[in-house]
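In what follows, a structure is listed as structure tokens, so that the remarks can point back to it.
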Amino acid sequence: MTACIVLCSTDLMLISTVGGIAESRGFAFSSVNTVQQAIDRAAISGSIVCLDLSATFADPQEFAAAASPDLLTRSIAFGPHVHTAKLEAARSAGIGRVMSRGQFVSGLAQHFSAG
């Protein structure tokens with residue numbers, strides 16, 4: 001089975017962009033709107049969950065409580081650079097990579113390395 005990039009976001013442009021890049025890098029792609037769906041879809045080894053902290057349902061503590069340590073380490077949380085409290089909450093929850101939305105979007109190809 002192919003590892004999956006799972007995006008927790010409601011931003012249609014971002015969903016389209018991330019989906020295209022994920023698939024071009026050899027991943028399956030799924031967009032979800034609950035943390036539990038993200039964890040379920042990321043069950044395949046090597047999958048990455050991307051939490052858009054702007055989405056009301058993308059709670060980093062809820063995700064951290066339910067995700068395996070391996071998935072938590074591989075996951076990415078991102079949000080507007082001015083939302084410092086949300087970004088810090090994701091860091092405190094133990095999410096592997098936390099960055100601004102701009103960093104996430106500009107580095108998409110580098111974030112998703114198949115294999």
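Each chain of the structure tokens is named A, B, ... in the order shown, its residues numbered from 1; ligands are numbered from 1 in display order.
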Check chain A with DSSP on the backbone and list each residue it calls helix (DSSP H, G or I), as a ChimeraX atom specification.
/A:12-24,35-41,60-66,69-74,84-93,101-106,108-111
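Taking only C-alpha atoms, the non-local environment of Thr2 of chain A within 12 Å (same-chain residues fewer than 5 positions away omitted) comprises Ala22, Glu23, Arg25, Gly26, Phe27, Ala28, Phe29, Ser30, Arg41, Ala42, Ala43, Ile44, Ser45, Gly46, Ser47, Ile48, Ala114 and Gly115 of chain A.
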Would you put the residues from that selection into a file with N, CA, C and O atoms, as a PDB file, in the first residue's frame?
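selection-v9.pdb written:
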ATOM      1  N   ALA A  22       1.566  16.072  -3.495  1.00  0.00           N
ATOM      2  CA  ALA A  22       1.684  14.770  -2.830  1.00  0.00           C
ATOM      3  C   ALA A  22       1.694  13.635  -3.853  1.00  0.00           C
ATOM      4  O   ALA A  22       2.543  12.741  -3.801  1.00  0.00           O
ATOM      5  N   GLU A  23       0.765  13.679  -4.778  1.00  0.00           N
ATOM      6  CA  GLU A  23       0.678  12.618  -5.782  1.00  0.00           C
ATOM      7  C   GLU A  23       1.891  12.622  -6.701  1.00  0.00           C
ATOM      8  O   GLU A  23       2.384  11.565  -7.090  1.00  0.00           O
ATOM      9  N   ARG A  25       4.805  13.269  -5.822  1.00  0.00           N
ATOM     10  CA  ARG A  25       5.922  12.735  -5.040  1.00  0.00           C
ATOM     11  C   ARG A  25       5.736  11.270  -4.677  1.00  0.00           C
ATOM     12  O   ARG A  25       6.508  10.712  -3.905  1.00  0.00           O
ATOM     13  N   GLY A  26       4.681  10.634  -5.213  1.00  0.00           N
ATOM     14  CA  GLY A  26       4.489   9.200  -5.004  1.00  0.00           C
ATOM     15  C   GLY A  26       3.595   8.818  -3.837  1.00  0.00           C
ATOM     16  O   GLY A  26       3.543   7.650  -3.464  1.00  0.00           O
ATOM     17  N   PHE A  27       2.901   9.773  -3.272  1.00  0.00           N
ATOM     18  CA  PHE A  27       1.987   9.506  -2.162  1.00  0.00           C
ATOM     19  C   PHE A  27       0.548   9.445  -2.653  1.00  0.00           C
ATOM     20  O   PHE A  27       0.201  10.098  -3.638  1.00  0.00           O
ATOM     21  N   ALA A  28      -0.288   8.724  -1.938  1.00  0.00           N
ATOM     22  CA  ALA A  28      -1.730   8.871  -2.077  1.00  0.00           C
ATOM     23  C   ALA A  28      -2.073  10.176  -1.356  1.00  0.00           C
ATOM     24  O   ALA A  28      -1.268  10.698  -0.584  1.00  0.00           O
ATOM     25  N   PHE A  29      -3.268  10.723  -1.587  1.00  0.00           N
ATOM     26  CA  PHE A  29      -3.660  11.964  -0.936  1.00  0.00           C
ATOM     27  C   PHE A  29      -5.084  11.860  -0.432  1.00  0.00           C
ATOM     28  O   PHE A  29      -5.949  11.289  -1.094  1.00  0.00           O
ATOM     29  N   SER A  30      -5.303  12.436   0.741  1.00  0.00           N
ATOM     30  CA  SER A  30      -6.640  12.471   1.313  1.00  0.00           C
ATOM     31  C   SER A  30      -6.826  13.778   2.063  1.00  0.00           C
ATOM     32  O   SER A  30      -5.931  14.211   2.792  1.00  0.00           O
ATOM     33  N   ARG A  41      -6.820   7.512   8.205  1.00  0.00           N
ATOM     34  CA  ARG A  41      -6.285   7.503   6.837  1.00  0.00           C
ATOM     35  C   ARG A  41      -4.765   7.421   6.814  1.00  0.00           C
ATOM     36  O   ARG A  41      -4.187   7.046   5.803  1.00  0.00           O
ATOM     37  N   ALA A  42      -4.126   7.783   7.908  1.00  0.00           N
ATOM     38  CA  ALA A  42      -2.656   7.774   7.972  1.00  0.00           C
ATOM     39  C   ALA A  42      -2.124   6.488   8.590  1.00  0.00           C
ATOM     40  O   ALA A  42      -0.967   6.434   9.010  1.00  0.00           O
ATOM     41  N   ALA A  43      -2.927   5.445   8.610  1.00  0.00           N
ATOM     42  CA  ALA A  43      -2.536   4.187   9.257  1.00  0.00           C
ATOM     43  C   ALA A  43      -1.396   3.477   8.529  1.00  0.00           C
ATOM     44  O   ALA A  43      -0.690   2.679   9.128  1.00  0.00           O
ATOM     45  N   ILE A  44      -1.192   3.765   7.262  1.00  0.00           N
ATOM     46  CA  ILE A  44      -0.129   3.117   6.484  1.00  0.00           C
ATOM     47  C   ILE A  44       1.212   3.737   6.858  1.00  0.00           C
ATOM     48  O   ILE A  44       1.349   4.957   6.943  1.00  0.00           O
ATOM     49  N   SER A  45       2.201   2.906   7.086  1.00  0.00           N
ATOM     50  CA  SER A  45       3.538   3.358   7.452  1.00  0.00           C
ATOM     51  C   SER A  45       4.062   4.384   6.450  1.00  0.00           C
ATOM     52  O   SER A  45       3.911   4.222   5.246  1.00  0.00           O
ATOM     53  N   GLY A  46       4.664   5.437   6.959  1.00  0.00           N
ATOM     54  CA  GLY A  46       5.228   6.474   6.109  1.00  0.00           C
ATOM     55  C   GLY A  46       4.267   7.598   5.781  1.00  0.00           C
ATOM     56  O   GLY A  46       4.642   8.577   5.150  1.00  0.00           O
ATOM     57  N   SER A  47       3.010   7.469   6.202  1.00  0.00           N
ATOM     58  CA  SER A  47       2.032   8.525   5.950  1.00  0.00           C
ATOM     59  C   SER A  47       2.346   9.752   6.793  1.00  0.00           C
ATOM     60  O   SER A  47       2.983   9.662   7.841  1.00  0.00           O
ATOM     61  N   ILE A  48       1.892  10.918   6.318  1.00  0.00           N
ATOM     62  CA  ILE A  48       2.128  12.187   6.993  1.00  0.00           C
ATOM     63  C   ILE A  48       0.797  12.908   7.135  1.00  0.00           C
ATOM     64  O   ILE A  48       0.060  13.038   6.161  1.00  0.00           O
ATOM     65  N   ALA A 114       8.986  10.705  -0.650  1.00  0.00           N
ATOM     66  CA  ALA A 114       8.523   9.309  -0.658  1.00  0.00           C
ATOM     67  C   ALA A 114       9.666   8.391  -0.302  1.00  0.00           C
ATOM     68  O   ALA A 114      10.805   8.606  -0.686  1.00  0.00           O
ATOM     69  N   GLY A 115       9.319   7.353   0.449  1.00  0.00           N
ATOM     70  CA  GLY A 115      10.330   6.364   0.747  1.00  0.00           C
ATOM     71  C   GLY A 115      10.588   6.190   2.184  1.00  0.00           C
ATOM     72  O   GLY A 115      10.262   6.751   3.094  1.00  0.00           O
TER      73      GLY A 115
END
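Of the residues listed (A:Ile21, A:Ala66, A:Leu87, A:Ile39), A:Leu87 shows the shortest atom-to-atom separation from Asp52 of chain A; distances use only C-alpha atoms.
Residues in contact with Gly102 of chain A at up to 10 Å, not including ones fewer than 5 positions away on its chain and judged by only C-alpha atoms, are Phe78, Gly79, Pro80, His81 and Gly107 of chain A.
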How would the residues just picked look written out with N, CA, C and O atoms as a PDB file, in the first residue's frame?
ATOM      1  N   PHE A  78       0.764  23.619  10.722  1.00  0.00           N
ATOM      2  CA  PHE A  78       1.093  24.929  10.164  1.00  0.00           C
ATOM      3  C   PHE A  78      -0.075  25.877  10.367  1.00  0.00           C
ATOM      4  O   PHE A  78      -1.223  25.456  10.503  1.00  0.00           O
ATOM      5  N   GLY A  79       0.232  27.149  10.398  1.00  0.00           N
ATOM      6  CA  GLY A  79      -0.798  28.172  10.558  1.00  0.00           C
ATOM      7  C   GLY A  79      -0.202  29.539  10.289  1.00  0.00           C
ATOM      8  O   GLY A  79       1.003  29.679  10.093  1.00  0.00           O
ATOM      9  N   PRO A  80      -1.060  30.555  10.297  1.00  0.00           N
ATOM     10  CA  PRO A  80      -0.568  31.914  10.078  1.00  0.00           C
ATOM     11  C   PRO A  80       0.520  32.273  11.092  1.00  0.00           C
ATOM     12  O   PRO A  80       0.405  31.930  12.276  1.00  0.00           O
ATOM     13  N   HIS A  81       1.552  32.939  10.627  1.00  0.00           N
ATOM     14  CA  HIS A  81       2.681  33.249  11.511  1.00  0.00           C
ATOM     15  C   HIS A  81       2.272  34.123  12.692  1.00  0.00           C
ATOM     16  O   HIS A  81       2.935  34.105  13.724  1.00  0.00           O
ATOM     17  N   GLY A 107       7.541  25.142   0.879  1.00  0.00           N
ATOM     18  CA  GLY A 107       8.399  23.961   0.933  1.00  0.00           C
ATOM     19  C   GLY A 107       7.687  22.649   0.683  1.00  0.00           C
ATOM     20  O   GLY A 107       8.209  21.590   1.042  1.00  0.00           O
TER      21      GLY A 107
END
Just the residues within 9 Å of segment 7-19 of chain A, please, counting only C-alpha atoms, with nothing from its chain fewer than 3 positions along; format it as a PyMOL selection string.
chain A and resi 22-24+28-35+37-38+48-58+105+108
Writer output for current selection, N, CA, C and O atoms, as an mmCIF file, in the first residue's frame:
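The file below, selection13.cif, is the result:
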data_model
loop_
_atom_site.group_PDB
_atom_site.id
_atom_site.type_symbol
_atom_site.label_atom_id
_atom_site.label_comp_id
_atom_site.auth_asym_id
_atom_site.auth_seq_id
_atom_site.Cartn_x
_atom_site.Cartn_y
_atom_site.Cartn_z
ATOM 1 N N ALA A 22 1.566 16.072 -3.495
ATOM 2 C CA ALA A 22 1.684 14.770 -2.830
ATOM 3 C C ALA A 22 1.694 13.635 -3.853
ATOM 4 O O ALA A 22 2.543 12.741 -3.801
ATOM 5 N N GLU A 23 0.765 13.679 -4.778
ATOM 6 C CA GLU A 23 0.678 12.618 -5.782
ATOM 7 C C GLU A 23 1.891 12.622 -6.701
ATOM 8 O O GLU A 23 2.384 11.565 -7.090
ATOM 9 N N SER A 24 2.424 13.811 -7.018
ATOM 10 C CA SER A 24 3.619 13.874 -7.871
ATOM 11 C C SER A 24 4.854 13.314 -7.161
ATOM 12 O O SER A 24 5.810 12.923 -7.803
ATOM 13 N N ALA A 28 -0.288 8.724 -1.938
ATOM 14 C CA ALA A 28 -1.730 8.871 -2.077
ATOM 15 C C ALA A 28 -2.073 10.176 -1.356
ATOM 16 O O ALA A 28 -1.268 10.698 -0.584
ATOM 17 N N PHE A 29 -3.268 10.723 -1.587
ATOM 18 C CA PHE A 29 -3.660 11.964 -0.936
ATOM 19 C C PHE A 29 -5.084 11.860 -0.432
ATOM 20 O O PHE A 29 -5.949 11.289 -1.094
ATOM 21 N N SER A 30 -5.303 12.436 0.741
ATOM 22 C CA SER A 30 -6.640 12.471 1.313
ATOM 23 C C SER A 30 -6.826 13.778 2.063
ATOM 24 O O SER A 30 -5.931 14.211 2.792
ATOM 25 N N SER A 31 -7.969 14.398 1.878
ATOM 26 C CA SER A 31 -8.345 15.587 2.625
ATOM 27 C C SER A 31 -9.454 15.191 3.595
ATOM 28 O O SER A 31 -10.405 14.517 3.195
ATOM 29 N N VAL A 32 -9.324 15.570 4.850
ATOM 30 C CA VAL A 32 -10.290 15.162 5.869
ATOM 31 C C VAL A 32 -10.737 16.369 6.676
ATOM 32 O O VAL A 32 -10.102 17.424 6.649
ATOM 33 N N ASN A 33 -11.821 16.171 7.435
ATOM 34 C CA ASN A 33 -12.293 17.271 8.275
ATOM 35 C C ASN A 33 -12.526 16.876 9.733
ATOM 36 O O ASN A 33 -13.276 17.534 10.434
ATOM 37 N N THR A 34 -11.853 15.805 10.171
ATOM 38 C CA THR A 34 -11.791 15.487 11.602
ATOM 39 C C THR A 34 -10.416 14.893 11.905
ATOM 40 O O THR A 34 -9.772 14.293 11.035
ATOM 41 N N VAL A 35 -9.993 15.048 13.134
ATOM 42 C CA VAL A 35 -8.714 14.480 13.560
ATOM 43 C C VAL A 35 -8.765 12.952 13.472
ATOM 44 O O VAL A 35 -7.802 12.322 13.034
ATOM 45 N N GLN A 37 -10.480 11.044 11.426
ATOM 46 C CA GLN A 37 -10.333 10.648 10.028
ATOM 47 C C GLN A 37 -8.876 10.725 9.602
ATOM 48 O O GLN A 37 -8.387 9.862 8.875
ATOM 49 N N ALA A 38 -8.171 11.748 10.049
ATOM 50 C CA ALA A 38 -6.751 11.897 9.704
ATOM 51 C C ALA A 38 -5.955 10.714 10.211
ATOM 52 O O ALA A 38 -5.150 10.133 9.474
ATOM 53 N N ILE A 48 1.892 10.918 6.318
ATOM 54 C CA ILE A 48 2.128 12.187 6.993
ATOM 55 C C ILE A 48 0.797 12.908 7.135
ATOM 56 O O ILE A 48 0.060 13.038 6.161
ATOM 57 N N VAL A 49 0.514 13.382 8.336
ATOM 58 C CA VAL A 49 -0.667 14.212 8.560
ATOM 59 C C VAL A 49 -0.219 15.662 8.593
ATOM 60 O O VAL A 49 0.768 16.009 9.251
ATOM 61 N N CYS A 50 -0.944 16.513 7.870
ATOM 62 C CA CYS A 50 -0.687 17.947 7.844
ATOM 63 C C CYS A 50 -1.888 18.651 8.462
ATOM 64 O O CYS A 50 -2.990 18.602 7.904
ATOM 65 N N LEU A 51 -1.688 19.276 9.606
ATOM 66 C CA LEU A 51 -2.766 19.960 10.322
ATOM 67 C C LEU A 51 -2.733 21.450 10.022
ATOM 68 O O LEU A 51 -1.766 22.138 10.365
ATOM 69 N N ASP A 52 -3.781 21.942 9.392
ATOM 70 C CA ASP A 52 -3.935 23.371 9.161
ATOM 71 C C ASP A 52 -4.551 23.954 10.428
ATOM 72 O O ASP A 52 -5.735 23.751 10.705
ATOM 73 N N LEU A 53 -3.759 24.644 11.214
ATOM 74 C CA LEU A 53 -4.220 25.155 12.500
ATOM 75 C C LEU A 53 -5.282 26.234 12.360
ATOM 76 O O LEU A 53 -5.899 26.621 13.347
ATOM 77 N N SER A 54 -5.540 26.694 11.136
ATOM 78 C CA SER A 54 -6.629 27.632 10.889
ATOM 79 C C SER A 54 -7.985 26.932 10.880
ATOM 80 O O SER A 54 -9.015 27.581 11.043
ATOM 81 N N ALA A 55 -7.981 25.624 10.659
ATOM 82 C CA ALA A 55 -9.228 24.855 10.647
ATOM 83 C C ALA A 55 -9.668 24.609 12.086
ATOM 84 O O ALA A 55 -8.868 24.159 12.910
ATOM 85 N N THR A 56 -10.913 24.907 12.387
ATOM 86 C CA THR A 56 -11.393 24.793 13.769
ATOM 87 C C THR A 56 -11.289 23.384 14.322
ATOM 88 O O THR A 56 -11.137 23.198 15.527
ATOM 89 N N PHE A 57 -11.343 22.370 13.472
ATOM 90 C CA PHE A 57 -11.313 20.982 13.933
ATOM 91 C C PHE A 57 -9.892 20.421 14.072
ATOM 92 O O PHE A 57 -9.711 19.323 14.573
ATOM 93 N N ALA A 58 -8.876 21.146 13.647
ATOM 94 C CA ALA A 58 -7.491 20.647 13.662
ATOM 95 C C ALA A 58 -6.832 20.987 14.992
ATOM 96 O O ALA A 58 -5.949 21.837 15.082
ATOM 97 N N VAL A 105 3.688 26.052 2.605
ATOM 98 C CA VAL A 105 3.355 26.113 1.175
ATOM 99 C C VAL A 105 4.612 26.225 0.323
ATOM 100 O O VAL A 105 4.740 25.526 -0.688
ATOM 101 N N LEU A 108 6.515 22.686 0.063
ATOM 102 C CA LEU A 108 5.718 21.460 -0.090
ATOM 103 C C LEU A 108 6.490 20.294 -0.694
ATOM 104 O O LEU A 108 6.446 19.184 -0.162
#
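On the backbone of this structure, DSSP gives strand (DSSP E or B) within segment 19-95 of chain A to Ala28, Phe29, Ser30, Ser31, Val32, Ile48, Val49, Cys50, Leu51, Asp52, Ile76, Ala77, Phe78 and Gly79 of chain A.
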Show which residues sit within 12 Å of Arg74 of chain A, as JSON, numbers by chain. Count only C-alpha atoms, and ignore same-chain residues fewer than 3 positions away.
{"A": [3, 4, 5, 6, 42, 45, 46, 47, 48, 49, 50, 51, 64, 67, 68, 69, 70, 71, 77, 94, 95, 96, 97, 98, 111, 112, 113]}
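For the atom pair formed by atom CA of Pro60 of chain A and atom CA of Leu72 of chain A, the distance is 9.9 Å, given to one decimal.
The space separating atom CA of His83 of chain A from atom CA of Gln61 of chain A comes to 16.0 Å.
Here the question is which of A:Ser75, A:Asp59, A:Gln110, A:Gly20 gets nearest to Ala89 of chain A using only C-alpha atoms, and that residue is A:Asp59.
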